[in-house]
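Student: I am attaching a structure below and will ask some questions about it afterwards.
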Amino acid sequence: MKHRIDLPHGYRLHDVLAFHSRDAQSVAEQISPERLRKGVVMEGVPLVLDIALGSAAAHYEVHADLPAAPPGLPAALAAQAHGAVLNVLGLRIDPQPFLDLAANDTLLGELSRRQPGLRIVQSATVFEALTWAIIGQQINLPFAISLRRTFILQAGTQHSSGLWCYPDAASAARLQVEDLTSRKFSRAKAETLLRFAALVAGGELDLAPGPSNSIDDIGKALLAVKGIGPWTVNYGLLRGYGYPDCSLHGDVAIRAALQALLGEDSKPDMPRTEEILKRYAPHRTMAAAHLWASLHPRPDD
């Protein structure tokens with residue numbers, strides 16, 4: 001079944017395609033100007049989200065490698081797949097409240113006016129976002145991308161179409177540390193990644209928000225996991241949940257963007273960066289998006 005999602009006016013398709021095509025050797029995504037195909041395991045089922053991209057709307061189908069069953073996806077899985085499509089298209093956070101807040105701001109006002117349609121593009125699932133954050137801790141982006149690819153090939157599942165699917169927690173938890181350390185993961189990073197996967201797979205770490213499990217609760221629970229720090233939590237909340245008020249004061253790129261905007265000779269330290277970002281609460285996630293984008297402006301921005 002094909003589903004339609006209307007795209008907002010001024011939708012920046014280029015940003016979405018650029019985010020999902022960062023890995024030139026991608027095994028779990030296939031990107032073209034008119035189509036985005038994303039492989040991911042949900043509820044133990046390998047899925048491909050096949051999204052046709054137009055100027056005003058996106059149309060998507062879900063191709064699931066299900067065992068023999070009645071036609072159609074189970075309702076719960078279909079709902080998760082729909083949420084994943086919203087994530088990968090960057091449709092979770094409305095950018096307008098931040099634009100209103102920053103309209104007359106001396107630091108980000110002009111920058112935000114140059115990028116009115118900017119959005120936060122997310123990972124398909126919360127688990128993908130948080131594992132990506134763990135993988136990317138304290139290493140450069142090209143190396144992080146290569147480790148992510150290794151992780152997918154080690155823990156993921158190949159869809160019948162040939163596209164690899166980003167693993168779920170149960171799949172990742174079956175790995176041994178040596179499966180990763182033998183492929184350029186540091187031992188500390190491999191241990192943290194598999195510790196996190198085991199906690200999620202075993203039900204000890206609940207990533208599903210609800211009345212008794214707020215985003216704040218989830219953040220605190222993540223911080224209690226050995227090897228996971230504030231930057232990883234905030235980045236994971238941003239890319240996984242589309243949480244609108246993540247403070248990325250520990251992010252080197254955010255600090256570099258602020259240095260350029262402030263015209264200073266060095267990056268502001270983390271405490272000062274945190275204070276600067278506080279003025280944009282409760283929309284600090286979009287503030288981060290604009291600061292990141294300022295480092296790589298598009299020709300028409």
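Naming scheme: A, B, ... for chains in displayed order of the structure tokens; residues 1 onward per chain; ligands 1 onward as shown.
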Quick check for you: according to DSSP on this backbone, which residues of region 43-280 of chain A are classed as strand (DSSP E)? Reply as a list in words.
Tutor: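 After running DSSP on the backbone, region 43-280 of chain A has strand (DSSP E) at Val45, Pro46, Leu47, Val48, Leu49, Asp50, Ile51, Ala52, Leu53, Ala57, Ala58, His59, Tyr60, Glu61, Val62, His63, Ala64, Thr157, Gln158, Trp164 and Cys165 of chain A.
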Student: Would you mind writing down, as JSON, numbers by chain, each residue of region 89-245 of chain A that DSSP on the backbone assigns to alpha helix (DSSP H)?
Tutor: {"A": [96, 97, 98, 99, 100, 101, 102, 109, 110, 111, 112, 113, 114, 126, 127, 128, 129, 130, 131, 132, 133, 134, 135, 136, 141, 142, 143, 144, 145, 146, 147, 148, 149, 150, 151, 152, 153, 154, 155, 169, 170, 171, 172, 173, 177, 178, 179, 180, 181, 187, 188, 189, 190, 191, 192, 193, 194, 195, 196, 197, 198, 199, 200, 201, 215, 216, 217, 218, 219, 220, 221, 222, 223, 230, 231, 232, 233, 234, 235, 236, 237, 238, 239, 240, 241]}
Student: At a cut-off of 8 Å, using only C-alpha atoms, what residues contact region 242-257 of chain A? Leave out same-chain residues fewer than 2 positions from it and give the result as JSON, numbers by chain.
Tutor: {"A": [87, 92, 93, 120, 122, 230, 231, 234, 235, 237, 238, 239, 240, 259, 260, 261, 267, 268, 269, 270, 271, 273, 274, 277, 278, 281, 282, 283, 284, 285, 286, 288, 291, 292, 294, 295]}
Student: Suppose we keep N, CA and C atoms; can you now write the selection as a short mmCIF file (atom, residue, chain, number, x, y, z; two decimals), in the first residue's frame?
Tutor:
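Result written to part_7.cif:
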```
data_model
loop_
_atom_site.label_atom_id
_atom_site.label_comp_id
_atom_site.auth_asym_id
_atom_site.auth_seq_id
_atom_site.Cartn_x
_atom_site.Cartn_y
_atom_site.Cartn_z
N ASN A 87 10.61 10.63 10.57
CA ASN A 87 11.95 10.92 11.08
C ASN A 87 12.92 11.20 9.95
N ARG A 92 9.52 16.06 12.16
CA ARG A 92 9.08 15.98 13.55
C ARG A 92 9.01 17.36 14.22
N ILE A 93 9.98 18.20 13.95
CA ILE A 93 10.04 19.50 14.64
C ILE A 93 9.60 20.61 13.69
N ILE A 120 15.51 19.55 11.29
CA ILE A 120 16.35 18.49 11.84
C ILE A 120 15.95 17.17 11.19
N GLN A 122 16.26 13.20 11.09
CA GLN A 122 16.52 12.21 12.14
C GLN A 122 16.89 10.85 11.58
N PRO A 230 26.95 13.18 28.40
CA PRO A 230 25.93 14.17 28.04
C PRO A 230 25.82 14.45 26.55
N TRP A 231 26.97 14.53 25.84
CA TRP A 231 26.88 14.80 24.40
C TRP A 231 26.12 13.69 23.70
N ASN A 234 22.34 13.95 24.45
CA ASN A 234 21.67 15.05 23.75
C ASN A 234 21.59 14.80 22.26
N TYR A 235 22.67 14.30 21.68
CA TYR A 235 22.64 14.03 20.24
C TYR A 235 21.64 12.91 19.94
N LEU A 237 18.93 12.17 21.69
CA LEU A 237 17.57 12.70 21.85
C LEU A 237 17.18 13.52 20.63
N LEU A 238 18.14 14.25 20.09
CA LEU A 238 17.88 15.09 18.92
C LEU A 238 17.58 14.24 17.70
N ARG A 239 18.47 13.29 17.37
CA ARG A 239 18.31 12.50 16.16
C ARG A 239 17.29 11.37 16.32
N GLY A 240 17.05 10.95 17.54
CA GLY A 240 16.15 9.83 17.75
C GLY A 240 14.71 10.22 18.00
N GLN A 259 32.11 30.50 17.41
CA GLN A 259 33.35 31.28 17.28
C GLN A 259 33.29 32.16 16.03
N ALA A 260 32.85 31.60 14.91
CA ALA A 260 32.77 32.36 13.67
C ALA A 260 31.75 33.49 13.78
N LEU A 261 30.59 33.19 14.37
CA LEU A 261 29.56 34.22 14.49
C LEU A 261 29.98 35.34 15.44
N LYS A 267 37.39 29.09 20.14
CA LYS A 267 36.04 28.59 20.41
C LYS A 267 35.64 28.91 21.85
N PRO A 268 34.39 29.29 22.08
CA PRO A 268 33.94 29.41 23.47
C PRO A 268 34.02 28.06 24.16
N ASP A 269 34.35 28.06 25.45
CA ASP A 269 34.42 26.79 26.16
C ASP A 269 33.00 26.25 26.40
N MET A 270 32.91 25.04 26.93
CA MET A 270 31.59 24.42 27.08
C MET A 270 30.67 25.18 28.04
N PRO A 271 31.15 25.65 29.21
CA PRO A 271 30.24 26.39 30.09
C PRO A 271 29.69 27.66 29.43
N THR A 273 29.42 28.17 26.16
CA THR A 273 28.52 27.73 25.08
C THR A 273 27.16 27.34 25.64
N GLU A 274 27.16 26.66 26.77
CA GLU A 274 25.89 26.28 27.40
C GLU A 274 25.08 27.52 27.77
N LEU A 277 23.57 29.09 24.59
CA LEU A 277 22.46 28.31 24.04
C LEU A 277 21.20 28.40 24.90
N LYS A 278 21.36 28.69 26.18
CA LYS A 278 20.20 28.77 27.07
C LYS A 278 19.19 29.83 26.60
N ALA A 281 16.29 28.32 24.60
CA ALA A 281 15.37 27.35 25.17
C ALA A 281 13.94 27.89 25.05
N PRO A 282 12.96 27.06 24.77
CA PRO A 282 12.98 25.60 24.64
C PRO A 282 13.16 25.12 23.20
N HIS A 283 13.96 25.85 22.42
CA HIS A 283 14.15 25.50 21.01
C HIS A 283 15.63 25.36 20.68
N ARG A 284 16.40 24.80 21.62
CA ARG A 284 17.84 24.72 21.40
C ARG A 284 18.23 23.73 20.31
N THR A 285 17.37 22.76 20.03
CA THR A 285 17.67 21.82 18.94
C THR A 285 17.75 22.56 17.60
N MET A 286 16.79 23.44 17.34
CA MET A 286 16.83 24.19 16.09
C MET A 286 17.96 25.20 16.08
N ALA A 288 20.86 24.59 17.32
CA ALA A 288 21.98 23.74 16.91
C ALA A 288 21.95 23.49 15.41
N LEU A 291 23.26 26.48 13.62
CA LEU A 291 24.70 26.64 13.82
C LEU A 291 25.47 25.62 12.97
N TRP A 292 25.03 24.38 12.96
CA TRP A 292 25.68 23.37 12.11
C TRP A 292 25.63 23.80 10.64
N SER A 294 25.44 26.67 9.37
CA SER A 294 26.25 27.86 9.07
C SER A 294 27.66 27.50 8.66
N LEU A 295 28.12 26.31 9.06
CA LEU A 295 29.47 25.88 8.70
C LEU A 295 29.55 25.36 7.27
#
```
Student: With only C-alpha atoms as the atoms that count, which of A:Arg187, A:His9, A:Arg298, A:His63 lies nearest to Met42 (chain A)?
Tutor: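 Result for the nearest residue to Met42 (chain A): A:His63.
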Student: For region 11-44 of chain A versus region 144-162 of chain A, which residues have an atom no more than 10 Å away, and what is each residue's nearest atom pair and distance in Å rounded to one decimal, using only C-alpha atoms, chain-then-number order, as a Markdown table?
Tutor:
```
| residue | atom | partner | partner_atom | distance |
| --- | --- | --- | --- | --- |
| A:Arg22 | CA | A:Ile145 | CA | 7.7 |
| A:Asp23 | CA | A:Ile145 | CA | 6.2 |
| A:Ala24 | CA | A:Ile145 | CA | 9.4 |
| A:Gln25 | CA | A:Arg149 | CA | 8.2 |
| A:Ser26 | CA | A:Arg149 | CA | 7.0 |
| A:Val27 | CA | A:Arg149 | CA | 7.0 |
| A:Ala28 | CA | A:Ile152 | CA | 7.6 |
| A:Gly39 | CA | A:His159 | CA | 7.4 |
| A:Val40 | CA | A:Gly156 | CA | 8.1 |
| A:Val41 | CA | A:Thr157 | CA | 7.4 |
| A:Gly44 | CA | A:Thr157 | CA | 9.5 |
```
Student: CA of Ala169 (chain A) to CA of Gly202 (chain A): how many Å, to one decimal?
Tutor: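 According to the coordinates, CA of Ala169 (chain A) and CA of Gly202 (chain A) are separated by 8.9 Å.
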Student: Given only C-alpha atoms as the basis, pick out the residue of A:Thr181, A:Leu163, A:Asp105, A:Glu34 nearest to Val48 (chain A).
Tutor: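 Checking each candidate against Val48 (chain A), we get A:Leu163 as the closest.
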Student: Would you mind telling me which residue in A:Ser171, A:Gln30, A:Ser21, A:Thr106 lies nearest to Arg279 (chain A) when using only C-alpha atoms?
Tutor: A:Thr106
Student: State, in Å with one decimal place, the distance from CA of Glu191 (chain A) to CA of Thr125 (chain A).
Tutor: 21.1 Å
